[in-house]
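structure.cif follows; it contains mmCIF, C-alpha atoms and all ligand atoms.
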```cif
data_run
#
loop_
_atom_site.group_PDB
_atom_site.id
_atom_site.type_symbol
_atom_site.label_atom_id
_atom_site.label_comp_id
_atom_site.auth_asym_id
_atom_site.auth_seq_id
_atom_site.Cartn_x
_atom_site.Cartn_y
_atom_site.Cartn_z
ATOM 1 C CA MET T 1 38.360 15.738 12.284
ATOM 2 C CA GLY T 2 37.287 19.373 12.245
ATOM 3 C CA GLN T 3 39.621 22.340 12.289
ATOM 4 C CA LEU T 4 38.178 23.456 15.649
ATOM 5 C CA ASP T 5 37.426 20.131 17.319
ATOM 6 C CA GLY T 6 36.582 20.597 20.992
ATOM 7 C CA LYS T 7 37.192 24.335 21.107
ATOM 8 C CA VAL T 8 34.956 26.815 22.921
ATOM 9 C CA ALA T 9 34.533 30.160 21.195
ATOM 10 C CA ILE T 10 32.842 33.451 21.942
ATOM 11 C CA ILE T 11 31.753 35.473 18.903
ATOM 12 C CA THR T 12 30.582 39.028 19.559
ATOM 13 C CA GLY T 13 28.111 40.354 17.022
ATOM 14 C CA GLY T 14 27.338 36.687 16.426
ATOM 15 C CA GLY T 15 23.631 37.370 16.099
ATOM 16 C CA SER T 16 23.702 38.668 12.521
ATOM 17 C CA SER T 17 22.380 35.767 10.481
ATOM 18 C CA LEU T 18 23.606 37.205 7.169
ATOM 19 C CA GLY T 19 26.635 38.850 8.755
ATOM 20 C CA GLN T 20 30.152 37.692 9.444
ATOM 21 C CA GLY T 21 29.297 36.670 13.023
ATOM 22 C CA GLY T 22 26.539 34.327 11.840
ATOM 23 C CA ALA T 23 28.828 32.834 9.187
ATOM 24 C CA GLU T 24 31.576 32.345 11.775
ATOM 25 C CA ALA T 25 29.183 30.638 14.211
ATOM 26 C CA ARG T 26 27.958 28.199 11.558
ATOM 27 C CA LEU T 27 31.472 27.433 10.297
ATOM 28 C CA PHE T 28 32.807 26.936 13.837
ATOM 29 C CA ALA T 29 29.992 24.421 14.394
ATOM 30 C CA GLU T 30 30.792 22.621 11.128
ATOM 31 C CA GLN T 31 34.457 22.496 12.118
ATOM 32 C CA GLY T 32 33.712 20.697 15.379
ATOM 33 C CA ALA T 33 33.696 23.462 18.001
ATOM 34 C CA ALA T 34 32.354 22.144 21.313
ATOM 35 C CA GLY T 35 30.908 25.469 22.374
ATOM 36 C CA ILE T 36 29.859 28.476 20.337
ATOM 37 C CA VAL T 37 28.711 31.502 22.297
ATOM 38 C CA LEU T 38 26.926 34.179 20.327
ATOM 39 C CA ILE T 39 26.828 37.625 21.875
ATOM 40 C CA ASP T 40 24.604 40.320 20.432
ATOM 41 C CA LEU T 41 22.046 43.024 21.151
ATOM 42 C CA PRO T 42 18.300 42.611 21.687
ATOM 43 C CA GLY T 43 16.540 42.149 18.358
ATOM 44 C CA SER T 44 19.406 40.194 16.788
ATOM 45 C CA GLN T 45 19.001 36.711 15.280
ATOM 46 C CA GLY T 46 21.335 35.183 17.880
ATOM 47 C CA ALA T 47 18.672 32.938 19.413
ATOM 48 C CA GLN T 48 17.655 31.559 15.991
ATOM 49 C CA ILE T 49 21.254 30.874 14.959
ATOM 50 C CA ALA T 50 21.913 29.120 18.276
ATOM 51 C CA ALA T 51 18.756 27.012 17.864
ATOM 52 C CA GLU T 52 19.836 26.090 14.335
ATOM 53 C CA ILE T 53 23.266 24.938 15.572
ATOM 54 C CA GLY T 54 21.855 23.018 18.535
ATOM 55 C CA ASP T 55 23.068 22.443 22.067
ATOM 56 C CA ARG T 56 26.693 23.310 21.336
ATOM 57 C CA ALA T 57 25.536 26.915 20.864
ATOM 58 C CA LEU T 58 24.558 29.458 23.479
ATOM 59 C CA TYR T 59 23.121 32.889 22.769
ATOM 60 C CA ILE T 60 23.754 35.605 25.353
ATOM 61 C CA GLU T 61 22.078 38.958 24.906
ATOM 62 C CA HIS T 62 24.845 41.353 25.866
ATOM 63 C CA ASP T 63 26.100 44.770 24.826
ATOM 64 C CA VAL T 64 29.876 44.662 24.350
ATOM 65 C CA ARG T 65 30.079 48.253 25.690
ATOM 66 C CA ASP T 66 28.650 47.175 29.056
ATOM 67 C CA ASP T 67 31.682 46.593 31.254
ATOM 68 C CA ALA T 68 29.541 45.872 34.327
ATOM 69 C CA ALA T 69 27.819 42.962 32.556
ATOM 70 C CA TRP T 70 30.913 41.263 31.065
ATOM 71 C CA PRO T 71 31.868 39.279 34.241
ATOM 72 C CA ALA T 72 28.446 37.590 34.299
ATOM 73 C CA VAL T 73 28.853 36.668 30.617
ATOM 74 C CA ILE T 74 32.237 35.065 31.308
ATOM 75 C CA ALA T 75 30.804 33.219 34.333
ATOM 76 C CA GLN T 76 27.898 31.899 32.247
ATOM 77 C CA VAL T 77 30.228 30.631 29.508
ATOM 78 C CA LEU T 78 32.547 28.939 32.009
ATOM 79 C CA GLU T 79 29.638 27.345 33.834
ATOM 80 C CA ARG T 80 28.217 25.927 30.589
ATOM 81 C CA PHE T 81 31.408 24.973 28.699
ATOM 82 C CA GLY T 82 34.232 25.035 31.274
ATOM 83 C CA ARG T 83 36.736 27.087 29.280
ATOM 84 C CA ILE T 84 37.233 29.705 26.569
ATOM 85 C CA ASP T 85 39.676 28.905 23.753
ATOM 86 C CA VAL T 86 38.693 31.532 21.209
ATOM 87 C CA LEU T 87 37.342 35.080 21.303
ATOM 88 C CA VAL T 88 36.200 36.716 18.079
ATOM 89 C CA ASN T 89 35.737 40.452 18.639
ATOM 90 C CA ASN T 90 33.442 40.941 15.652
ATOM 91 C CA ALA T 91 30.678 43.293 16.888
ATOM 92 C CA GLY T 92 30.834 46.635 15.158
ATOM 93 C CA VAL T 93 28.852 49.573 13.857
ATOM 94 C CA TRP T 94 29.245 51.500 10.603
ATOM 95 C CA PHE T 95 29.105 55.298 10.575
ATOM 96 C CA ASP T 96 29.379 56.855 7.155
ATOM 97 C CA GLU T 97 30.076 60.557 7.752
ATOM 98 C CA PRO T 98 33.117 62.719 7.105
ATOM 99 C CA LEU T 99 34.920 64.387 10.005
ATOM 100 C CA VAL T 100 33.120 67.736 9.659
ATOM 101 C CA ASP T 101 29.709 66.065 9.886
ATOM 102 C CA THR T 102 30.607 63.881 12.873
ATOM 103 C CA THR T 103 29.447 65.251 16.223
ATOM 104 C CA PRO T 104 31.440 64.493 19.372
ATOM 105 C CA ALA T 105 28.548 62.235 20.453
ATOM 106 C CA ASP T 106 28.659 60.369 17.123
ATOM 107 C CA TYR T 107 32.413 59.903 17.438
ATOM 108 C CA ARG T 108 32.183 58.581 20.987
ATOM 109 C CA ALA T 109 29.371 56.186 20.030
ATOM 110 C CA VAL T 110 31.419 54.603 17.231
ATOM 111 C CA VAL T 111 34.537 54.321 19.377
ATOM 112 C CA GLU T 112 32.549 52.919 22.283
ATOM 113 C CA THR T 113 31.419 49.876 20.263
ATOM 114 C CA ASN T 114 34.232 49.360 17.764
ATOM 115 C CA GLN T 115 37.186 50.146 20.035
ATOM 116 C CA VAL T 116 36.120 49.987 23.693
ATOM 117 C CA GLY T 117 34.012 46.887 22.949
ATOM 118 C CA VAL T 118 37.126 45.116 21.657
ATOM 119 C CA PHE T 119 39.105 46.230 24.698
ATOM 120 C CA LEU T 120 36.423 44.959 27.096
ATOM 121 C CA GLY T 121 36.086 41.573 25.388
ATOM 122 C CA THR T 122 39.846 41.114 25.498
ATOM 123 C CA TYR T 123 40.153 42.481 29.037
ATOM 124 C CA PHE T 124 37.613 40.026 30.439
ATOM 125 C CA VAL T 125 38.560 36.939 28.388
ATOM 126 C CA ALA T 126 42.361 37.229 28.458
ATOM 127 C CA PRO T 127 42.717 36.255 32.161
ATOM 128 C CA VAL T 128 40.800 33.014 31.480
ATOM 129 C CA MET T 129 43.125 32.223 28.567
ATOM 130 C CA ILE T 130 46.251 33.196 30.518
ATOM 131 C CA ALA T 131 45.197 30.865 33.342
ATOM 132 C CA ALA T 132 44.798 28.066 30.769
ATOM 133 C CA GLY T 133 48.115 28.992 29.101
ATOM 134 C CA LYS T 134 46.507 29.175 25.674
ATOM 135 C CA GLY T 135 43.949 30.982 23.593
ATOM 136 C CA SER T 136 43.335 32.764 20.307
ATOM 137 C CA ILE T 137 41.765 36.206 20.012
ATOM 138 C CA ILE T 138 40.694 37.443 16.596
ATOM 139 C CA ASN T 139 39.716 41.071 16.116
ATOM 140 C CA THR T 140 37.783 42.468 13.180
ATOM 141 C CA CYS T 141 39.648 45.375 11.652
ATOM 142 C CA SER T 142 38.775 46.837 8.222
ATOM 143 C CA SER T 143 40.474 48.293 5.180
ATOM 144 C CA ALA T 144 39.299 51.561 6.802
ATOM 145 C CA GLY T 145 41.896 50.774 9.471
ATOM 146 C CA MET T 146 44.661 50.350 6.888
ATOM 147 C CA ILE T 147 44.234 53.477 4.743
ATOM 148 C CA GLY T 148 42.808 56.979 5.219
ATOM 149 C CA ARG T 149 41.676 58.150 1.816
ATOM 150 C CA GLY T 150 37.920 57.883 1.270
ATOM 151 C CA GLN T 151 37.197 56.512 4.731
ATOM 152 C CA PRO T 152 34.581 57.897 7.156
ATOM 153 C CA HIS T 153 36.531 59.516 9.982
ATOM 154 C CA ALA T 154 35.140 57.994 13.192
ATOM 155 C CA TYR T 155 34.825 54.490 11.728
ATOM 156 C CA ALA T 156 38.362 54.637 10.313
ATOM 157 C CA ALA T 157 39.739 55.909 13.626
ATOM 158 C CA SER T 158 38.049 53.082 15.507
ATOM 159 C CA LYS T 159 39.467 50.441 13.151
ATOM 160 C CA TRP T 160 42.974 51.952 13.209
ATOM 161 C CA ALA T 161 42.666 51.574 16.970
ATOM 162 C CA VAL T 162 41.679 47.914 16.602
ATOM 163 C CA ARG T 163 44.744 47.366 14.449
ATOM 164 C CA GLY T 164 47.021 48.913 17.084
ATOM 165 C CA MET T 165 45.309 47.074 19.914
ATOM 166 C CA THR T 166 45.772 43.780 18.082
ATOM 167 C CA ILE T 167 49.515 44.245 17.710
ATOM 168 C CA ALA T 168 50.023 45.601 21.232
ATOM 169 C CA ALA T 169 47.964 42.831 22.829
ATOM 170 C CA ALA T 170 49.793 40.164 20.805
ATOM 171 C CA ALA T 171 53.158 41.448 22.018
ATOM 172 C CA GLU T 172 51.948 41.517 25.626
ATOM 173 C CA LEU T 173 50.205 38.149 25.697
ATOM 174 C CA ALA T 174 52.466 36.031 23.464
ATOM 175 C CA SER T 175 54.624 34.767 26.328
ATOM 176 C CA LYS T 176 51.457 33.647 28.133
ATOM 177 C CA GLY T 177 50.316 31.418 25.272
ATOM 178 C CA VAL T 178 47.620 33.751 24.011
ATOM 179 C CA ARG T 179 47.663 34.775 20.344
ATOM 180 C CA VAL T 180 45.997 37.942 19.063
ATOM 181 C CA ASN T 181 45.412 38.553 15.371
ATOM 182 C CA ALA T 182 42.979 40.503 13.224
ATOM 183 C CA VAL T 183 41.217 40.039 9.942
ATOM 184 C CA SER T 184 40.864 43.146 7.822
ATOM 185 C CA PRO T 185 37.985 42.847 5.353
ATOM 186 C CA GLY T 186 37.375 45.362 2.591
ATOM 187 C CA VAL T 187 33.723 45.209 1.566
ATOM 188 C CA VAL T 188 31.676 42.232 2.718
ATOM 189 C CA ASP T 189 28.139 41.477 1.566
ATOM 190 C CA THR T 190 26.358 41.737 4.931
ATOM 191 C CA PRO T 191 23.497 43.790 6.419
ATOM 192 C CA MET T 192 26.102 46.454 7.275
ATOM 193 C CA ILE T 193 26.061 47.462 3.600
ATOM 194 C CA ALA T 194 23.013 49.732 3.616
ATOM 195 C CA GLY T 195 21.315 49.824 0.244
ATOM 196 C CA GLY T 196 21.362 46.121 -0.497
ATOM 197 C CA ALA T 197 22.247 44.541 -3.841
ATOM 198 C CA PRO T 198 22.578 47.798 -5.877
ATOM 199 C CA GLU T 199 25.042 49.184 -3.333
ATOM 200 C CA VAL T 200 26.986 45.894 -3.255
ATOM 201 C CA GLU T 201 27.196 46.072 -7.053
ATOM 202 C CA ARG T 202 28.359 49.716 -6.941
ATOM 203 C CA LEU T 203 31.019 48.958 -4.328
ATOM 204 C CA SER T 204 32.327 45.965 -6.271
ATOM 205 C CA HIS T 205 33.730 48.423 -8.852
ATOM 206 C CA PHE T 206 36.111 49.815 -6.211
ATOM 207 C CA VAL T 207 37.584 46.366 -5.553
ATOM 208 C CA PRO T 208 40.526 45.410 -7.800
ATOM 209 C CA GLN T 209 39.300 41.808 -7.749
ATOM 210 C CA GLY T 210 35.962 43.028 -9.126
ATOM 211 C CA ARG T 211 33.649 41.696 -6.426
ATOM 212 C CA VAL T 212 32.935 42.092 -2.732
ATOM 213 C CA ALA T 213 33.578 39.301 -0.204
ATOM 214 C CA GLN T 214 30.987 36.895 1.079
ATOM 215 C CA PRO T 215 30.854 36.584 4.891
ATOM 216 C CA GLN T 216 31.777 32.885 4.624
ATOM 217 C CA GLU T 217 35.136 33.869 3.099
ATOM 218 C CA VAL T 218 36.020 36.014 6.105
ATOM 219 C CA ALA T 219 34.727 33.286 8.410
ATOM 220 C CA ALA T 220 37.157 30.796 6.830
ATOM 221 C CA LEU T 221 40.109 33.050 7.698
ATOM 222 C CA VAL T 222 38.782 33.594 11.223
ATOM 223 C CA ALA T 223 38.412 29.824 11.700
ATOM 224 C CA PHE T 224 42.002 29.302 10.541
ATOM 225 C CA LEU T 225 43.259 31.933 13.009
ATOM 226 C CA ALA T 226 41.192 30.268 15.739
ATOM 227 C CA SER T 227 42.675 26.870 14.956
ATOM 228 C CA ASP T 228 45.952 25.316 16.085
ATOM 229 C CA ALA T 229 47.088 25.273 12.437
ATOM 230 C CA SER T 230 47.863 29.007 12.792
ATOM 231 C CA ASP T 231 49.810 28.544 16.045
ATOM 232 C CA TYR T 232 52.798 30.673 14.973
ATOM 233 C CA ILE T 233 50.717 33.517 13.501
ATOM 234 C CA ASN T 234 50.615 36.175 16.194
ATOM 235 C CA GLY T 235 50.192 39.943 15.938
ATOM 236 C CA ALA T 236 49.106 39.745 12.304
ATOM 237 C CA VAL T 237 46.473 41.996 10.764
ATOM 238 C CA ILE T 238 45.530 40.105 7.622
ATOM 239 C CA PRO T 239 43.834 41.913 4.729
ATOM 240 C CA ILE T 240 40.996 39.937 3.138
ATOM 241 C CA ASP T 241 39.892 42.638 0.743
ATOM 242 C CA GLY T 242 40.304 41.618 -2.896
ATOM 243 C CA ALA T 243 43.419 43.852 -3.053
ATOM 244 C CA ILE T 244 41.653 47.099 -1.979
ATOM 245 C CA THR T 245 44.636 48.003 0.198
ATOM 246 C CA ALA T 246 47.263 46.518 -2.133
HETATM 247 N N1 LIG G 1 30.501 44.507 5.954
HETATM 248 C C1 LIG G 1 31.639 45.087 5.621
HETATM 249 O O1 LIG G 1 31.822 45.527 4.465
HETATM 250 C C2 LIG G 1 32.752 45.174 6.619
HETATM 251 C C3 LIG G 1 34.037 45.502 6.149
HETATM 252 C C4 LIG G 1 35.093 45.565 7.047
HETATM 253 C C5 LIG G 1 34.882 45.296 8.390
HETATM 254 N N2 LIG G 1 33.615 45.000 8.820
HETATM 255 C C6 LIG G 1 33.465 44.722 10.247
HETATM 256 O O2 LIG G 1 33.016 43.382 10.373
HETATM 257 C C7 LIG G 1 32.331 43.219 11.628
HETATM 258 C C8 LIG G 1 31.028 42.462 11.390
HETATM 259 O O3 LIG G 1 30.173 43.266 10.610
HETATM 260 P P1 LIG G 1 29.130 42.684 9.544
HETATM 261 O O4 LIG G 1 29.582 43.122 8.215
HETATM 262 O O5 LIG G 1 28.898 41.238 9.793
HETATM 263 O O6 LIG G 1 27.844 43.574 9.913
HETATM 264 P P2 LIG G 1 26.471 43.218 10.673
HETATM 265 O O7 LIG G 1 25.832 44.540 10.886
HETATM 266 O O8 LIG G 1 25.756 42.181 9.924
HETATM 267 O O9 LIG G 1 26.936 42.583 12.061
HETATM 268 C C9 LIG G 1 27.372 43.359 13.158
HETATM 269 C C10 LIG G 1 26.753 42.759 14.409
HETATM 270 O O10 LIG G 1 27.307 43.436 15.550
HETATM 271 C C11 LIG G 1 26.238 43.613 16.472
HETATM 272 N N3 LIG G 1 26.544 44.693 17.404
HETATM 273 C C12 LIG G 1 26.642 46.017 17.127
HETATM 274 N N4 LIG G 1 26.873 46.710 18.256
HETATM 275 C C13 LIG G 1 26.924 45.796 19.265
HETATM 276 C C14 LIG G 1 27.104 45.901 20.659
HETATM 277 N N5 LIG G 1 27.292 47.090 21.264
HETATM 278 N N6 LIG G 1 27.103 44.758 21.411
HETATM 279 C C15 LIG G 1 26.896 43.552 20.819
HETATM 280 N N7 LIG G 1 26.702 43.403 19.497
HETATM 281 C C16 LIG G 1 26.710 44.511 18.735
HETATM 282 C C17 LIG G 1 25.042 43.952 15.581
HETATM 283 O O11 LIG G 1 23.808 43.812 16.264
HETATM 284 C C18 LIG G 1 25.233 42.961 14.457
HETATM 285 O O12 LIG G 1 24.579 41.732 14.721
HETATM 286 C C19 LIG G 1 32.177 44.636 12.182
HETATM 287 O O13 LIG G 1 33.177 44.863 13.156
HETATM 288 C C20 LIG G 1 32.415 45.525 10.975
HETATM 289 O O14 LIG G 1 32.887 46.809 11.343
HETATM 290 C C21 LIG G 1 32.561 44.927 7.965
#
```

Translate the structure described by the file into structure tokens.
Ligand SMILES: NC(=O)c1ccc[n+]([C@@H]2O[C@H](COP(=O)([O-])OP(=O)(O)OC[C@H]3O[C@@H](n4cnc5c(N)ncnc54)[C@H](O)[C@@H]3O)[C@@H](O)[C@H]2O)c1
Amino acid sequence: MGQLDGKVAIITGGGSSLGQGGAEARLFAEQGAAGIVLIDLPGSQGAQIAAEIGDRALYIEHDVRDDAAWPAVIAQVLERFGRIDVLVNNAGVWFDEPLVDTTPADYRAVVETNQVGVFLGTYFVAPVMIAAGKGSIINTCSSAGMIGRGQPHAYAASKWAVRGMTIAAAAELASKGVRVNAVSPGVVDTPMIAGGAPEVERLSHFVPQGRVAQPQEVAALVAFLASDASDYINGAVIPIDGAITA
């Protein structure tokens, strides 16, 4: 028996092989998910990850910012798998500039993916879950959405928004059987950390636990929140950050 036996999940940003989305896709497959839909941009590794998993996986090239294209994505998932039990809003972009060096265009670009992308995923998937009377949505926040000091302005703002959206959506959808939670990683060893191993090593010194997270560790929490074992956890934003925000 797997933790996610029979469930159908959409993972945005699922096409990063060394990222959290790739780790989540592989773990969901291991845990018995019946359908794993990877959404990502052209040039991602989504097709390779889907091929590796086999016919329970489907890669859809889709930009989470594209509201006009979301209905076709939902239709394709329903046609292939018949339902949607889990949505992981994981796609995101990093933008490492302070407020005074962030142009209005930069700010809007970050918010468009990290905040509006989460809204659109939720907006288009929630009706399917409400109709089924159940579902679990997991957003990807960040320690940058829990504190202000030392955080790049636009990125932090977008993740504070994700935190608020998670709580507000949970309160609205709870009576309809749909749970909404978020994971809040600190530093995770993925391609988002520009600079590779030396930068990962440098960042590990800012983590009270003395190391950064591996994407599989975040994936394990996401899988738990996707599973029925977390049925009474709703509206939680759970730090998984080695005590960065403690
Ligand atoms: N790596 C970290 O230290 C860290 C810490 C806290 C939170 N996060 C968050 O975790 C999530 C996953 O990031 P990761 O660390 O795996 O990085 P990653 O760069 O490996 O993965 C992000 C994925 O999102 C995809 N993506 C970006 N914009 C998209 C769009 N418009 N439409 C569809 N897909 C899009 C990218 O192509 C990429 O595959 C992000 O939301 C990120 O902000 C990361």

Expected answer as JSON, numbers by chain: residues within 8 Å of ligand LIG 1 (chain G), only C-alpha atoms and all ligand atoms:
{"T": [12, 13, 14, 15, 16, 17, 18, 19, 20, 21, 22, 39, 40, 41, 42, 43, 44, 45, 46, 61, 62, 63, 64, 65, 66, 89, 90, 91, 92, 93, 94, 112, 113, 114, 117, 140, 141, 142, 143, 144, 155, 159, 184, 185, 186, 187, 188, 189, 190, 191, 192, 193, 213, 215]}

The PyMOL selection byres (((chain T and resi 74) around 12) and not hetatm) applied to the shown file, residues as a short mmCIF file (atom, residue, chain, number, x, y, z; two decimals) with C-alpha atoms, in the coordinates of the input:
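What landed in expr35.cif:
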```cif
data_model
loop_
_atom_site.label_atom_id
_atom_site.label_comp_id
_atom_site.auth_asym_id
_atom_site.auth_seq_id
_atom_site.Cartn_x
_atom_site.Cartn_y
_atom_site.Cartn_z
CA ALA T 9 34.53 30.16 21.20
CA ILE T 10 32.84 33.45 21.94
CA VAL T 37 28.71 31.50 22.30
CA ILE T 39 26.83 37.62 21.88
CA ILE T 60 23.75 35.60 25.35
CA HIS T 62 24.84 41.35 25.87
CA ASP T 67 31.68 46.59 31.25
CA ALA T 68 29.54 45.87 34.33
CA ALA T 69 27.82 42.96 32.56
CA TRP T 70 30.91 41.26 31.06
CA PRO T 71 31.87 39.28 34.24
CA ALA T 72 28.45 37.59 34.30
CA VAL T 73 28.85 36.67 30.62
CA ALA T 75 30.80 33.22 34.33
CA GLN T 76 27.90 31.90 32.25
CA VAL T 77 30.23 30.63 29.51
CA LEU T 78 32.55 28.94 32.01
CA GLU T 79 29.64 27.34 33.83
CA ARG T 80 28.22 25.93 30.59
CA PHE T 81 31.41 24.97 28.70
CA GLY T 82 34.23 25.04 31.27
CA ARG T 83 36.74 27.09 29.28
CA ILE T 84 37.23 29.70 26.57
CA LEU T 87 37.34 35.08 21.30
CA LEU T 120 36.42 44.96 27.10
CA GLY T 121 36.09 41.57 25.39
CA THR T 122 39.85 41.11 25.50
CA TYR T 123 40.15 42.48 29.04
CA PHE T 124 37.61 40.03 30.44
CA VAL T 125 38.56 36.94 28.39
CA ALA T 126 42.36 37.23 28.46
CA PRO T 127 42.72 36.26 32.16
CA VAL T 128 40.80 33.01 31.48
CA MET T 129 43.12 32.22 28.57
#
```

Tell me, in Å to one decimal, how far CA of Gln214 in chain T is from CA of Thr245 in chain T.
17.6 Å

Pick out the residues sitting within 7 Å of Ala243 in chain T, and hand them over as JSON, numbers by chain; count all atoms listed in the file, and ignore anything fewer than 3 positions along from it in its own chain.
{"T": [207, 208, 209, 246]}

Two-atom distance - CA of Val100 in chain T, CA of Arg149 in chain T (Å)
15.1 Å

Any chance you could work out the residue set of the PyMOL selection byres (((chain T and resi 220-223) around 10) and not hetatm) here, as a PyMOL selection string?
chain T and resi 3-4+20+23-25+27-28+31+86+88+137-140+181-183+215-219+224-230+238+240

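Minimum atom-to-atom distance to Ile53 in chain T, evaluated using all atoms listed in the file, belongs to T:Ala33 out of T:Ala33, T:Ile244, T:Leu99, T:Ile130.
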
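CA of Lys7 in chain T lies 5.8 Å from CA of Asp85 in chain T.
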
Looking at all atoms listed in the file, which of T:Val118, T:Tyr107, T:Ala156, T:Val8 is the one that sits closest to Leu58 in chain T?
T:Val8

Tell me which residues the PyMOL selection byres (((chain T and resi 164) around 12) and not hetatm) grabs here, as a VMD selection string.
chain T and resid 115 118 to 119 139 to 141 145 to 146 157 to 163 165 to 171 180 to 182 235 to 237

Ala57 in chain T environment, 6 Å, only C-alpha atoms, sequence neighbours closer than 2 positions dropped, as a PyMOL selection string
chain T and resi 35-37+50+54-55

With C-alpha atoms retained, write the just-selected residues as a short mmCIF file (atom, residue, chain, number, x, y, z; two decimals), keeping the file's coordinate frame.
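Written output follows (again_28.cif):
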```cif
data_model
loop_
_atom_site.label_atom_id
_atom_site.label_comp_id
_atom_site.auth_asym_id
_atom_site.auth_seq_id
_atom_site.Cartn_x
_atom_site.Cartn_y
_atom_site.Cartn_z
CA GLY T 35 30.91 25.47 22.37
CA ILE T 36 29.86 28.48 20.34
CA VAL T 37 28.71 31.50 22.30
CA ALA T 50 21.91 29.12 18.28
CA GLY T 54 21.86 23.02 18.54
CA ASP T 55 23.07 22.44 22.07
#
```

Of the residues T:Ala29, T:Asp96, T:Gly2, T:Ala47, which is the one nearest to Gly150 in chain T, using all atoms listed in the file?
T:Asp96

Please list as number ranges by chain every residue within 6 Å of Lys134 in chain T, counting only C-alpha atoms and excluding residues in the same chain fewer than 2 positions away.
T: 129, 132, 177-178
